[in-house]
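Novice: If it helps, the file is called target13.cif and holds mmCIF, C-alpha atoms and all ligand atoms:
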data_structure
loop_
_atom_site.group_PDB
_atom_site.id
_atom_site.type_symbol
_atom_site.label_atom_id
_atom_site.label_comp_id
_atom_site.auth_asym_id
_atom_site.auth_seq_id
_atom_site.Cartn_x
_atom_site.Cartn_y
_atom_site.Cartn_z
ATOM 1 C CA MET P 15 -30.534 163.210 124.355
ATOM 2 C CA ARG P 16 -29.153 159.678 124.076
ATOM 3 C CA GLU P 17 -29.110 158.636 120.413
ATOM 4 C CA THR P 18 -31.757 155.995 119.926
ATOM 5 C CA GLY P 19 -32.853 153.940 116.939
ATOM 6 C CA ARG P 20 -35.429 151.226 116.625
ATOM 7 C CA PHE P 21 -36.775 148.423 114.487
ATOM 8 C CA ALA P 22 -40.567 148.288 114.639
ATOM 9 C CA PRO P 23 -41.943 145.286 112.748
ATOM 10 C CA SER P 24 -45.625 144.413 112.532
ATOM 11 C CA PRO P 25 -46.081 140.729 113.405
ATOM 12 C CA THR P 26 -48.179 139.981 110.330
ATOM 13 C CA GLY P 27 -45.753 137.328 109.034
ATOM 14 C CA PRO P 28 -42.158 136.155 109.556
ATOM 15 C CA LEU P 29 -39.242 138.454 108.699
ATOM 16 C CA HIS P 30 -38.595 138.577 104.958
ATOM 17 C CA ALA P 31 -35.717 139.988 102.935
ATOM 18 C CA GLY P 32 -37.169 143.524 103.027
ATOM 19 C CA SER P 33 -37.777 143.625 106.766
ATOM 20 C CA LEU P 34 -34.274 142.308 107.461
ATOM 21 C CA VAL P 35 -32.843 145.218 105.426
ATOM 22 C CA ALA P 36 -34.665 147.670 107.708
ATOM 23 C CA ALA P 37 -33.598 145.775 110.831
ATOM 24 C CA LEU P 38 -29.948 145.624 109.776
ATOM 25 C CA ALA P 39 -29.892 149.286 108.697
ATOM 26 C CA SER P 40 -31.386 150.570 111.939
ATOM 27 C CA TRP P 41 -28.998 148.371 113.974
ATOM 28 C CA LEU P 42 -25.944 149.586 112.008
ATOM 29 C CA ASP P 43 -27.080 153.190 112.286
ATOM 30 C CA VAL P 44 -27.089 152.924 116.069
ATOM 31 C CA ARG P 45 -23.861 150.934 116.362
ATOM 32 C CA ALA P 46 -22.103 153.420 114.070
ATOM 33 C CA ARG P 47 -22.914 156.163 116.589
ATOM 34 C CA GLY P 48 -20.919 154.493 119.375
ATOM 35 C CA PRO P 49 -21.518 152.539 122.561
ATOM 36 C CA GLN P 50 -23.776 155.134 124.190
ATOM 37 C CA ALA P 51 -26.463 154.810 121.483
ATOM 38 C CA ARG P 52 -29.434 152.452 121.978
ATOM 39 C CA TRP P 53 -31.124 150.074 119.550
ATOM 40 C CA LEU P 54 -34.699 149.143 120.489
ATOM 41 C CA ILE P 55 -37.229 146.695 119.099
ATOM 42 C CA ARG P 56 -40.927 147.491 119.183
ATOM 43 C CA ILE P 57 -43.454 144.902 118.065
ATOM 44 C CA GLU P 58 -46.186 146.883 116.314
ATOM 45 C CA ASP P 59 -49.211 144.783 117.117
ATOM 46 C CA ALA P 60 -51.592 147.737 117.616
ATOM 47 C CA ASP P 61 -53.648 146.750 114.592
ATOM 48 C CA THR P 62 -54.614 143.454 116.187
ATOM 49 C CA GLU P 63 -56.628 142.189 113.235
ATOM 50 C CA ARG P 64 -53.609 141.958 110.940
ATOM 51 C CA CYS P 65 -51.287 140.301 113.480
ATOM 52 C CA LEU P 66 -50.662 136.569 113.731
ATOM 53 C CA PRO P 67 -50.446 134.869 117.125
ATOM 54 C CA GLY P 68 -46.900 134.002 118.174
ATOM 55 C CA MET P 69 -45.388 135.932 115.268
ATOM 56 C CA GLY P 70 -43.819 138.695 117.398
ATOM 57 C CA LYS P 71 -41.851 136.121 119.394
ATOM 58 C CA HIS P 72 -40.888 134.316 116.189
ATOM 59 C CA MET P 73 -39.526 137.561 114.711
ATOM 60 C CA LEU P 74 -37.493 138.233 117.853
ATOM 61 C CA ARG P 75 -35.979 134.739 117.531
ATOM 62 C CA GLN P 76 -35.126 135.370 113.863
ATOM 63 C CA LEU P 77 -33.426 138.664 114.804
ATOM 64 C CA ALA P 78 -31.510 136.943 117.598
ATOM 65 C CA ASP P 79 -30.407 134.250 115.103
ATOM 66 C CA CYS P 80 -28.856 137.123 113.106
ATOM 67 C CA HIS P 81 -27.281 138.582 116.286
ATOM 68 C CA LEU P 82 -29.443 141.684 116.023
ATOM 69 C CA LEU P 83 -30.046 142.027 119.748
ATOM 70 C CA PRO P 84 -31.865 144.986 121.318
ATOM 71 C CA ASP P 85 -30.332 146.989 124.147
ATOM 72 C CA GLU P 86 -33.575 146.902 126.126
ATOM 73 C CA THR P 87 -36.509 144.508 126.512
ATOM 74 C CA PRO P 88 -38.733 144.791 123.409
ATOM 75 C CA VAL P 89 -42.000 146.645 123.846
ATOM 76 C CA TRP P 90 -45.353 145.530 122.442
ATOM 77 C CA GLN P 91 -47.884 148.102 121.296
ATOM 78 C CA THR P 92 -50.823 146.156 122.719
ATOM 79 C CA GLN P 93 -49.393 146.892 126.183
ATOM 80 C CA ARG P 94 -49.237 150.606 125.502
ATOM 81 C CA THR P 95 -52.799 151.566 124.651
ATOM 82 C CA ALA P 96 -53.042 153.980 127.618
ATOM 83 C CA HIS P 97 -50.398 156.142 125.890
ATOM 84 C CA TYR P 98 -52.392 156.255 122.639
ATOM 85 C CA GLU P 99 -55.583 157.047 124.557
ATOM 86 C CA ALA P 100 -53.852 159.978 126.283
ATOM 87 C CA ALA P 101 -52.581 161.324 122.953
ATOM 88 C CA LEU P 102 -56.017 161.053 121.343
ATOM 89 C CA GLN P 103 -57.537 162.893 124.298
ATOM 90 C CA LYS P 104 -54.970 165.652 123.909
ATOM 91 C CA LEU P 105 -55.860 166.032 120.232
ATOM 92 C CA GLN P 106 -59.579 165.984 121.049
ATOM 93 C CA ALA P 107 -59.077 168.684 123.694
ATOM 94 C CA ARG P 108 -57.283 170.822 121.106
ATOM 95 C CA GLY P 109 -60.107 170.318 118.573
ATOM 96 C CA LEU P 110 -57.735 168.378 116.326
ATOM 97 C CA ALA P 111 -59.534 165.014 116.343
ATOM 98 C CA TYR P 112 -63.135 164.432 115.355
ATOM 99 C CA PRO P 113 -65.419 161.398 115.045
ATOM 100 C CA CYS P 114 -66.311 160.240 111.560
ATOM 101 C CA GLY P 115 -69.279 158.057 110.627
ATOM 102 C CA CYS P 116 -68.419 157.471 106.962
ATOM 103 C CA SER P 117 -68.109 154.018 105.442
ATOM 104 C CA ARG P 118 -65.825 153.487 102.437
ATOM 105 C CA LYS P 119 -68.946 153.651 100.304
ATOM 106 C CA ASP P 120 -69.989 157.000 101.842
ATOM 107 C CA ILE P 121 -66.528 158.357 101.080
ATOM 108 C CA ASP P 122 -66.662 157.094 97.473
ATOM 109 C CA LEU P 123 -70.082 158.667 96.970
ATOM 110 C CA ALA P 124 -68.989 161.990 98.459
ATOM 111 C CA LEU P 125 -65.846 162.015 96.305
ATOM 112 C CA ALA P 126 -67.852 161.132 93.176
ATOM 113 C CA GLY P 127 -70.234 164.002 94.039
ATOM 114 C CA LEU P 128 -67.234 166.316 94.098
ATOM 115 C CA GLY P 129 -66.061 164.943 90.765
ATOM 116 C CA HIS P 130 -62.989 163.271 92.298
ATOM 117 C CA THR P 131 -61.914 159.759 91.519
ATOM 118 C CA HIS P 132 -58.504 160.416 92.957
ATOM 119 C CA GLU P 133 -56.920 157.588 94.946
ATOM 120 C CA ARG P 134 -53.570 157.676 96.614
ATOM 121 C CA HIS P 135 -51.843 154.317 97.143
ATOM 122 C CA GLY P 136 -55.292 152.730 97.145
ATOM 123 C CA GLU P 137 -56.493 155.151 99.842
ATOM 124 C CA ARG P 138 -59.146 157.746 99.285
ATOM 125 C CA VAL P 139 -58.510 161.367 100.233
ATOM 126 C CA TYR P 140 -61.185 161.923 102.881
ATOM 127 C CA PRO P 141 -63.535 164.683 101.673
ATOM 128 C CA GLY P 142 -64.186 166.057 105.188
ATOM 129 C CA THR P 143 -67.868 165.014 105.381
ATOM 130 C CA CYS P 144 -67.971 164.688 109.207
ATOM 131 C CA ARG P 145 -65.792 167.693 110.046
ATOM 132 C CA ASP P 146 -68.840 169.606 111.219
ATOM 133 C CA GLY P 147 -70.603 166.646 112.911
ATOM 134 C CA LEU P 148 -71.744 163.079 112.472
ATOM 135 C CA HIS P 149 -75.110 163.964 110.888
ATOM 136 C CA GLY P 150 -76.815 161.260 112.987
ATOM 137 C CA LYS P 151 -74.458 158.485 111.904
ATOM 138 C CA PRO P 152 -72.675 156.327 114.503
ATOM 139 C CA ALA P 153 -68.939 157.019 114.824
ATOM 140 C CA ARG P 154 -66.731 154.584 112.904
ATOM 141 C CA ALA P 155 -63.382 156.276 113.444
ATOM 142 C CA TRP P 156 -61.529 159.247 114.900
ATOM 143 C CA ARG P 157 -59.784 161.385 112.313
ATOM 144 C CA PHE P 158 -57.031 163.988 112.573
ATOM 145 C CA ALA P 159 -58.243 167.463 111.575
ATOM 146 C CA THR P 160 -55.422 167.941 109.085
ATOM 147 C CA GLU P 161 -56.843 170.975 107.333
ATOM 148 C CA LYS P 162 -57.640 172.737 110.607
ATOM 149 C CA PHE P 163 -54.153 172.081 111.986
ATOM 150 C CA GLU P 164 -52.462 173.084 108.755
ATOM 151 C CA SER P 165 -54.376 176.354 108.606
ATOM 152 C CA ASN P 166 -51.917 177.573 111.271
ATOM 153 C CA GLN P 167 -48.957 176.524 109.179
ATOM 154 C CA PRO P 168 -50.082 176.695 105.553
ATOM 155 C CA GLY P 169 -48.100 175.384 102.597
ATOM 156 C CA GLU P 170 -46.316 172.148 102.012
ATOM 157 C CA LEU P 171 -44.459 170.350 104.740
ATOM 158 C CA HIS P 172 -40.732 170.065 103.987
ATOM 159 C CA TRP P 173 -38.191 167.742 105.565
ATOM 160 C CA THR P 174 -34.916 166.064 104.663
ATOM 161 C CA ASP P 175 -34.558 162.313 104.459
ATOM 162 C CA ARG P 176 -30.972 161.188 105.127
ATOM 163 C CA ARG P 177 -31.004 158.991 102.013
ATOM 164 C CA LEU P 178 -33.786 160.366 99.804
ATOM 165 C CA GLY P 179 -32.881 164.040 100.318
ATOM 166 C CA GLU P 180 -35.380 166.910 100.252
ATOM 167 C CA GLN P 181 -38.996 165.768 100.643
ATOM 168 C CA HIS P 182 -42.310 167.597 100.685
ATOM 169 C CA GLN P 183 -45.986 166.838 100.960
ATOM 170 C CA ASP P 184 -49.216 168.774 101.291
ATOM 171 C CA VAL P 185 -50.960 166.379 103.670
ATOM 172 C CA GLY P 186 -54.334 168.144 103.540
ATOM 173 C CA ARG P 187 -54.516 167.935 99.754
ATOM 174 C CA GLU P 188 -52.727 164.637 99.157
ATOM 175 C CA VAL P 189 -53.896 162.569 102.120
ATOM 176 C CA GLY P 190 -56.676 164.477 103.896
ATOM 177 C CA ASP P 191 -57.961 163.948 107.427
ATOM 178 C CA PHE P 192 -56.446 160.562 108.262
ATOM 179 C CA VAL P 193 -57.668 157.962 110.757
ATOM 180 C CA LEU P 194 -56.243 157.903 114.303
ATOM 181 C CA ARG P 195 -58.387 155.134 115.711
ATOM 182 C CA ARG P 196 -61.196 152.928 114.507
ATOM 183 C CA ALA P 197 -64.294 153.068 116.693
ATOM 184 C CA ASP P 198 -64.247 149.276 117.080
ATOM 185 C CA GLY P 199 -60.858 149.437 118.796
ATOM 186 C CA PRO P 200 -57.665 149.258 116.745
ATOM 187 C CA TRP P 201 -55.281 152.189 116.932
ATOM 188 C CA ALA P 202 -53.986 153.488 113.636
ATOM 189 C CA TYR P 203 -50.309 153.034 112.852
ATOM 190 C CA GLN P 204 -49.778 156.817 112.460
ATOM 191 C CA LEU P 205 -50.801 157.683 116.003
ATOM 192 C CA ALA P 206 -49.188 154.674 117.692
ATOM 193 C CA VAL P 207 -45.831 155.127 115.931
ATOM 194 C CA VAL P 208 -45.609 158.837 116.774
ATOM 195 C CA VAL P 209 -46.497 158.322 120.425
ATOM 196 C CA ASP P 210 -44.099 155.396 120.807
ATOM 197 C CA ASP P 211 -41.148 156.979 119.017
ATOM 198 C CA ALA P 212 -41.427 160.040 121.272
ATOM 199 C CA GLU P 213 -42.036 158.116 124.466
ATOM 200 C CA GLN P 214 -39.101 155.782 123.793
ATOM 201 C CA GLY P 215 -36.837 158.733 122.997
ATOM 202 C CA VAL P 216 -36.211 157.646 119.394
ATOM 203 C CA THR P 217 -33.936 160.200 117.726
ATOM 204 C CA ASP P 218 -33.251 158.375 114.438
ATOM 205 C CA VAL P 219 -35.888 156.484 112.467
ATOM 206 C CA VAL P 220 -34.457 154.083 109.886
ATOM 207 C CA ARG P 221 -37.037 152.000 108.006
ATOM 208 C CA GLY P 222 -38.035 150.772 104.545
ATOM 209 C CA GLU P 223 -38.795 153.173 101.728
ATOM 210 C CA ASP P 224 -42.321 151.765 101.445
ATOM 211 C CA LEU P 225 -43.060 153.725 104.643
ATOM 212 C CA ALA P 226 -41.581 157.037 103.447
ATOM 213 C CA ASP P 227 -44.985 158.362 102.404
ATOM 214 C CA ASN P 228 -46.182 158.247 106.032
ATOM 215 C CA THR P 229 -43.495 160.640 107.258
ATOM 216 C CA ALA P 230 -45.376 163.891 106.627
ATOM 217 C CA ARG P 231 -48.431 162.630 108.512
ATOM 218 C CA GLN P 232 -46.189 161.641 111.402
ATOM 219 C CA ILE P 233 -44.421 165.007 111.480
ATOM 220 C CA LEU P 234 -47.805 166.771 111.567
ATOM 221 C CA LEU P 235 -48.942 164.609 114.471
ATOM 222 C CA GLN P 236 -45.660 165.266 116.318
ATOM 223 C CA ARG P 237 -46.230 168.994 115.935
ATOM 224 C CA ALA P 238 -49.878 168.749 116.984
ATOM 225 C CA LEU P 239 -48.868 166.824 120.120
ATOM 226 C CA GLY P 240 -45.838 169.004 120.893
ATOM 227 C CA LEU P 241 -43.397 166.101 120.352
ATOM 228 C CA PRO P 242 -39.909 166.245 118.816
ATOM 229 C CA THR P 243 -39.328 165.114 115.216
ATOM 230 C CA PRO P 244 -36.639 162.444 114.808
ATOM 231 C CA SER P 245 -34.347 162.247 111.779
ATOM 232 C CA TYR P 246 -35.557 159.914 109.020
ATOM 233 C CA LEU P 247 -33.693 157.577 106.717
ATOM 234 C CA HIS P 248 -35.649 155.294 104.387
ATOM 235 C CA THR P 249 -33.746 152.260 103.124
ATOM 236 C CA PRO P 250 -33.844 150.904 99.551
ATOM 237 C CA LEU P 251 -36.499 148.309 98.810
ATOM 238 C CA VAL P 252 -35.643 144.757 97.884
ATOM 239 C CA ARG P 253 -36.542 144.271 94.234
ATOM 240 C CA GLY P 254 -37.529 141.040 92.539
ATOM 241 C CA ALA P 255 -35.851 139.854 89.352
ATOM 242 C CA ASP P 256 -38.595 141.726 87.473
ATOM 243 C CA GLY P 257 -37.599 144.974 89.244
ATOM 244 C CA ASP P 258 -40.821 145.062 91.246
ATOM 245 C CA LYS P 259 -40.987 145.463 94.977
ATOM 246 C CA LEU P 260 -41.068 142.044 96.610
ATOM 247 C CA SER P 261 -44.465 140.964 97.843
ATOM 248 C CA LYS P 262 -45.928 137.640 98.929
ATOM 249 C CA GLN P 263 -47.029 137.133 95.296
ATOM 250 C CA ASN P 264 -43.609 137.587 93.728
ATOM 251 C CA GLY P 265 -41.456 135.978 96.357
ATOM 252 C CA ALA P 266 -41.133 137.886 99.625
ATOM 253 C CA THR P 267 -40.709 134.551 101.295
ATOM 254 C CA PRO P 268 -39.665 134.371 104.939
ATOM 255 C CA ILE P 269 -35.905 134.433 105.489
ATOM 256 C CA ASP P 270 -34.217 131.296 106.759
ATOM 257 C CA THR P 271 -32.228 131.858 109.948
ATOM 258 C CA ALA P 272 -32.354 128.283 111.213
ATOM 259 C CA THR P 273 -28.578 127.742 111.060
ATOM 260 C CA PRO P 274 -25.706 130.221 111.607
ATOM 261 C CA ASP P 275 -24.756 129.905 107.920
ATOM 262 C CA ALA P 276 -28.307 130.620 106.777
ATOM 263 C CA ALA P 277 -28.537 133.649 109.094
ATOM 264 C CA LEU P 278 -25.196 134.948 107.778
ATOM 265 C CA ALA P 279 -26.379 134.522 104.172
ATOM 266 C CA ALA P 280 -29.624 136.394 104.952
ATOM 267 C CA LEU P 281 -27.662 139.257 106.560
ATOM 268 C CA ASP P 282 -25.279 139.357 103.623
ATOM 269 C CA ALA P 283 -28.160 139.669 101.146
ATOM 270 C CA ALA P 284 -29.595 142.534 103.223
ATOM 271 C CA ALA P 285 -26.186 144.245 103.340
ATOM 272 C CA ARG P 286 -25.956 144.107 99.523
ATOM 273 C CA VAL P 287 -29.243 146.050 99.254
ATOM 274 C CA LEU P 288 -27.741 148.726 101.502
ATOM 275 C CA GLY P 289 -24.653 149.042 99.306
ATOM 276 C CA LEU P 290 -22.330 147.411 101.850
ATOM 277 C CA SER P 291 -19.548 145.126 100.694
ATOM 278 C CA ALA P 292 -19.655 141.336 100.530
ATOM 279 C CA ILE P 293 -18.667 139.547 103.681
ATOM 280 C CA THR P 294 -15.441 137.752 104.220
ATOM 281 C CA ALA P 295 -16.409 137.013 107.840
ATOM 282 C CA THR P 296 -17.654 133.605 108.870
ATOM 283 C CA SER P 297 -19.983 134.654 111.685
ATOM 284 C CA CYS P 298 -22.848 137.130 111.993
ATOM 285 C CA THR P 299 -21.077 139.021 114.796
ATOM 286 C CA ALA P 300 -17.904 139.487 112.754
ATOM 287 C CA ALA P 301 -19.853 140.471 109.621
ATOM 288 C CA LEU P 302 -21.891 143.033 111.554
ATOM 289 C CA ALA P 303 -18.764 144.526 113.126
ATOM 290 C CA GLY P 304 -17.227 144.820 109.647
ATOM 291 C CA TRP P 305 -20.184 146.747 108.235
ATOM 292 C CA VAL P 306 -20.359 149.335 111.050
ATOM 293 C CA PRO P 307 -17.557 151.598 109.713
ATOM 294 C CA GLU P 308 -18.882 151.195 106.164
ATOM 295 C CA TRP P 309 -22.326 152.318 107.275
ATOM 296 C CA ARG P 310 -20.796 155.267 109.123
ATOM 297 C CA ALA P 311 -19.002 156.375 105.972
ATOM 298 C CA LEU P 312 -22.073 155.961 103.772
ATOM 299 C CA TYR P 313 -24.939 157.285 105.889
ATOM 300 C CA ASN P 314 -24.054 158.643 109.306
ATOM 301 C CA SER P 315 -24.656 162.287 108.915
ATOM 302 C CA ARG P 316 -27.807 164.029 110.007
ATOM 303 C CA PRO P 317 -29.563 166.440 107.659
HETATM 304 N N1 LIG V 401 -44.690 148.477 111.781
HETATM 305 C C1 LIG V 401 -44.378 149.044 110.511
HETATM 306 C C2 LIG V 401 -44.182 147.954 109.479
HETATM 307 O O1 LIG V 401 -43.781 146.856 109.849
HETATM 308 C C3 LIG V 401 -43.116 149.865 110.527
HETATM 309 C C4 LIG V 401 -43.217 151.058 111.361
HETATM 310 C C5 LIG V 401 -42.062 152.030 111.282
HETATM 311 O O2 LIG V 401 -40.903 151.588 111.162
HETATM 312 O O3 LIG V 401 -42.315 153.216 111.367
HETATM 313 O O4 LIG V 401 -44.424 148.178 108.321
#
Write the structure described by the file as structure tokens, please.
Specialist:
Amino acid sequence: MRETGRFAPSPTGPLHAGSLVAALASWLDVRARGPQARWLIRIEDADTERCLPGMGKHMLRQLADCHLLPDETPVWQTQRTAHYEAALQKLQARGLAYPCGCSRKDIDLALAGLGHTHERHGERVYPGTCRDGLHGKPARAWRFATEKFESNQPGELHWTDRRLGEQHQDVGREVGDFVLRRADGPWAYQLAVVVDDAEQGVTDVVRGEDLADNTARQILLQRALGLPTPSYLHTPLVRGADGDKLSKQNGATPIDTATPDAALAALDAAARVLGLSAITATSCTAALAGWVPEWRALYNSRP
């Protein structure tokens, strides 16, 4: 299969230092594989509520300012809902997706009843209340039947991240039955990303480390849908002066790409995070070309 990488930003705000690191890394990863490999951009606007109008186009302009140009026309998730619908139907037909009528409060109460206060990254581990039916409640979401699927392949899921090394997660215990779609419309990131990566032939996922925790859920969904699993590489996060991950509160301000010099400086900062050497080049194109062999030496081996 043709080697394919992608950058898949959510248009919830302009590109910031962290998203440019992921964009640059995925671009370099593809370019380091040679001219036959493809770099794609997918605008992840499936969760329409969080997206800002015009932001996808703005991000594409910022990437173009940095000379990070896709090999094919970018795709937008809002134009691909038929693919997500088909995948959900497949899971439903296999008994691996079920409707859930629980509100956050219902989930809290059920967890408290079980003596659990456990939260994972601010998300509750779903206690499975609606696995055997809605109990007269209206459906609020479709969930993946994690426990049921995992009963065929018990134990922790293991995989190798090209930068983080050996990884494992017990999705049933640590995450639970996760949401695939909300009943009021929006598709969940987990389902959309798995369907799109497979349909676009993505072989190598390179993205920020803040997303690493989603990988096990995505591998489970790939297996449940009979789709291939790409290789994964999660890039280092941009840290603030205080060592914390950058966020809007502590300075994840949009990058400036308005002039060629500003774009070059933004790329250079991203390259530093990836452990690449300081530029001597005076244009984005020359700087990018200089980093390709460095990236190849540092990262381009598959697990
Ligand atoms: N759309 C996701 C984000 O911007 C990234 C998805 C991915 O790379 O898997 O956080």
Novice: Counting only C-alpha atoms, select every polymer residue within 12 Å of (-22.9, 142.4, 99.9) as defined in the file's coordinates, and provide the selection as JSON, numbers by chain.
Specialist: {"P": [35, 278, 279, 280, 281, 282, 283, 284, 285, 286, 287, 288, 289, 290, 291, 292, 293, 294, 295, 301, 302, 304, 305, 308]}
Novice: With distances taken over only C-alpha atoms and all ligand atoms, which residue among P:Gln50, P:Thr296, P:Ser165, P:Gln91 lies nearest ligand LIG 401 (chain V)?
Specialist: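 Nearest to ligand LIG 401 (chain V): P:Gln91.
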Novice: Would you write out, as a Markdown table, a table of all residues in chain P that have an atom no more than 6 Å from an atom of ligand LIG 401 (chain V), listing for each the closest atom pair and the distance in Å to one decimal, considering all atoms listed in the file and ordering rows by chain and rising residue number?
Specialist:
| residue | atom | partner | partner_atom | distance |
| --- | --- | --- | --- | --- |
| P:Ala22 | CA | V:LIG401 | O2 | 4.8 |
| P:Pro23 | CA | V:LIG401 | O1 | 3.8 |
| P:Ser24 | CA | V:LIG401 | O1 | 4.1 |
| P:Glu58 | CA | V:LIG401 | N1 | 5.0 |
| P:Arg221 | CA | V:LIG401 | O2 | 5.0 |
Novice: Apply the PyMOL selection byres (((chain P and resi 235-250) around 6) and not hetatm) to the displayed file and report the matching residues as an MDAnalysis selection string.
Specialist: chainID P and resid 175:177 217:223 232:234 251
Novice: Could you check the closest approach to Gly169 (chain P) for each of P:Ala111, P:Met73, P:Gln183, P:Leu38 and tell me which residue wins, using only C-alpha atoms?
Specialist: P:Gln183
Novice: Could you check which of P:Ala124, P:Ile269, P:Ala303, P:Arg231 is closest to Glu164 (chain P), using all atoms listed in the file?
Specialist: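 Checking each candidate against Glu164 (chain P), we get P:Arg231 as the closest.
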Novice: I would like the residues chosen by the PyMOL selection byres (((chain P and resi 76-89) around 9) and not hetatm) on the shown file; could you give them as a PyMOL selection string?
Specialist: chain P and resi 20+28-29+34+37-38+41+52-58+71-75+90-94+269-274+277-278+280-281+298-299+302
Novice: Could you name the residues that touch Glu99 (chain P) at 10 Å or less, counting only C-alpha atoms, but leaving out those on the same chain fewer than 3 positions away, as a list in words?
Specialist: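 Surrounding residues, per the criterion: Arg94, Thr95, Ala96, Leu102, Gln103, Lys104, Leu105, Arg195, Trp201, Leu205 and Ala206 of chain P.
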Novice: I'd like the residues picked by the PyMOL selection byres (((chain P and resi 142-144) around 7) and not hetatm) written out as number ranges by chain, using the chain letters and numbers from the file.
Specialist: P: 114-115, 140-141, 145-148, 191
Novice: Could you tell me which of P:Asp184, P:Asp59, P:Asp275, P:Asp43 comes closest to Pro200 (chain P) if we count only C-alpha atoms?
Specialist: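 Of P:Asp184, P:Asp59, P:Asp275, P:Asp43, the one nearest Pro200 (chain P), counting only C-alpha atoms, is P:Asp59.
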Novice: How about completing region 79-91 of chain P with N, CA and C atoms and giving it to me as a PDB file, in the coordinates of the input?
Specialist:
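After the write, part.pdb holds the following:
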ATOM      1  N   ASP P  79     -31.214 135.164 115.937  1.00  0.00           N
ATOM      2  CA  ASP P  79     -30.407 134.250 115.103  1.00  0.00           C
ATOM      3  C   ASP P  79     -29.381 135.046 114.291  1.00  0.00           C
ATOM      4  N   CYS P  80     -29.757 136.266 113.901  1.00  0.00           N
ATOM      5  CA  CYS P  80     -28.856 137.123 113.106  1.00  0.00           C
ATOM      6  C   CYS P  80     -27.971 137.997 114.000  1.00  0.00           C
ATOM      7  N   HIS P  81     -28.046 137.796 115.304  1.00  0.00           N
ATOM      8  CA  HIS P  81     -27.281 138.582 116.286  1.00  0.00           C
ATOM      9  C   HIS P  81     -27.683 140.060 116.294  1.00  0.00           C
ATOM     10  N   LEU P  82     -28.920 140.316 115.921  1.00  0.00           N
ATOM     11  CA  LEU P  82     -29.443 141.684 116.023  1.00  0.00           C
ATOM     12  C   LEU P  82     -30.215 141.743 117.342  1.00  0.00           C
ATOM     13  N   LEU P  83     -29.495 142.122 118.389  1.00  0.00           N
ATOM     14  CA  LEU P  83     -30.046 142.027 119.748  1.00  0.00           C
ATOM     15  C   LEU P  83     -30.315 143.422 120.300  1.00  0.00           C
ATOM     16  N   PRO P  84     -31.531 143.644 120.815  1.00  0.00           N
ATOM     17  CA  PRO P  84     -31.865 144.986 121.318  1.00  0.00           C
ATOM     18  C   PRO P  84     -31.153 145.287 122.641  1.00  0.00           C
ATOM     19  N   ASP P  85     -30.994 146.576 122.912  1.00  0.00           N
ATOM     20  CA  ASP P  85     -30.332 146.989 124.147  1.00  0.00           C
ATOM     21  C   ASP P  85     -31.293 147.001 125.331  1.00  0.00           C
ATOM     22  N   GLU P  86     -32.586 146.936 125.037  1.00  0.00           N
ATOM     23  CA  GLU P  86     -33.575 146.902 126.126  1.00  0.00           C
ATOM     24  C   GLU P  86     -34.648 145.867 125.775  1.00  0.00           C
ATOM     25  N   THR P  87     -35.435 145.472 126.757  1.00  0.00           N
ATOM     26  CA  THR P  87     -36.509 144.508 126.512  1.00  0.00           C
ATOM     27  C   THR P  87     -37.463 145.070 125.455  1.00  0.00           C
ATOM     28  N   PRO P  88     -37.816 144.283 124.442  1.00  0.00           N
ATOM     29  CA  PRO P  88     -38.733 144.791 123.409  1.00  0.00           C
ATOM     30  C   PRO P  88     -40.077 145.225 124.005  1.00  0.00           C
ATOM     31  N   VAL P  89     -40.668 146.229 123.391  1.00  0.00           N
ATOM     32  CA  VAL P  89     -42.000 146.645 123.846  1.00  0.00           C
ATOM     33  C   VAL P  89     -43.030 146.201 122.807  1.00  0.00           C
ATOM     34  N   TRP P  90     -44.247 145.998 123.281  1.00  0.00           N
ATOM     35  CA  TRP P  90     -45.353 145.530 122.442  1.00  0.00           C
ATOM     36  C   TRP P  90     -46.439 146.599 122.470  1.00  0.00           C
ATOM     37  N   GLN P  91     -46.915 146.997 121.316  1.00  0.00           N
ATOM     38  CA  GLN P  91     -47.884 148.102 121.296  1.00  0.00           C
ATOM     39  C   GLN P  91     -49.178 147.762 122.038  1.00  0.00           C
TER      40      GLN P  91
END
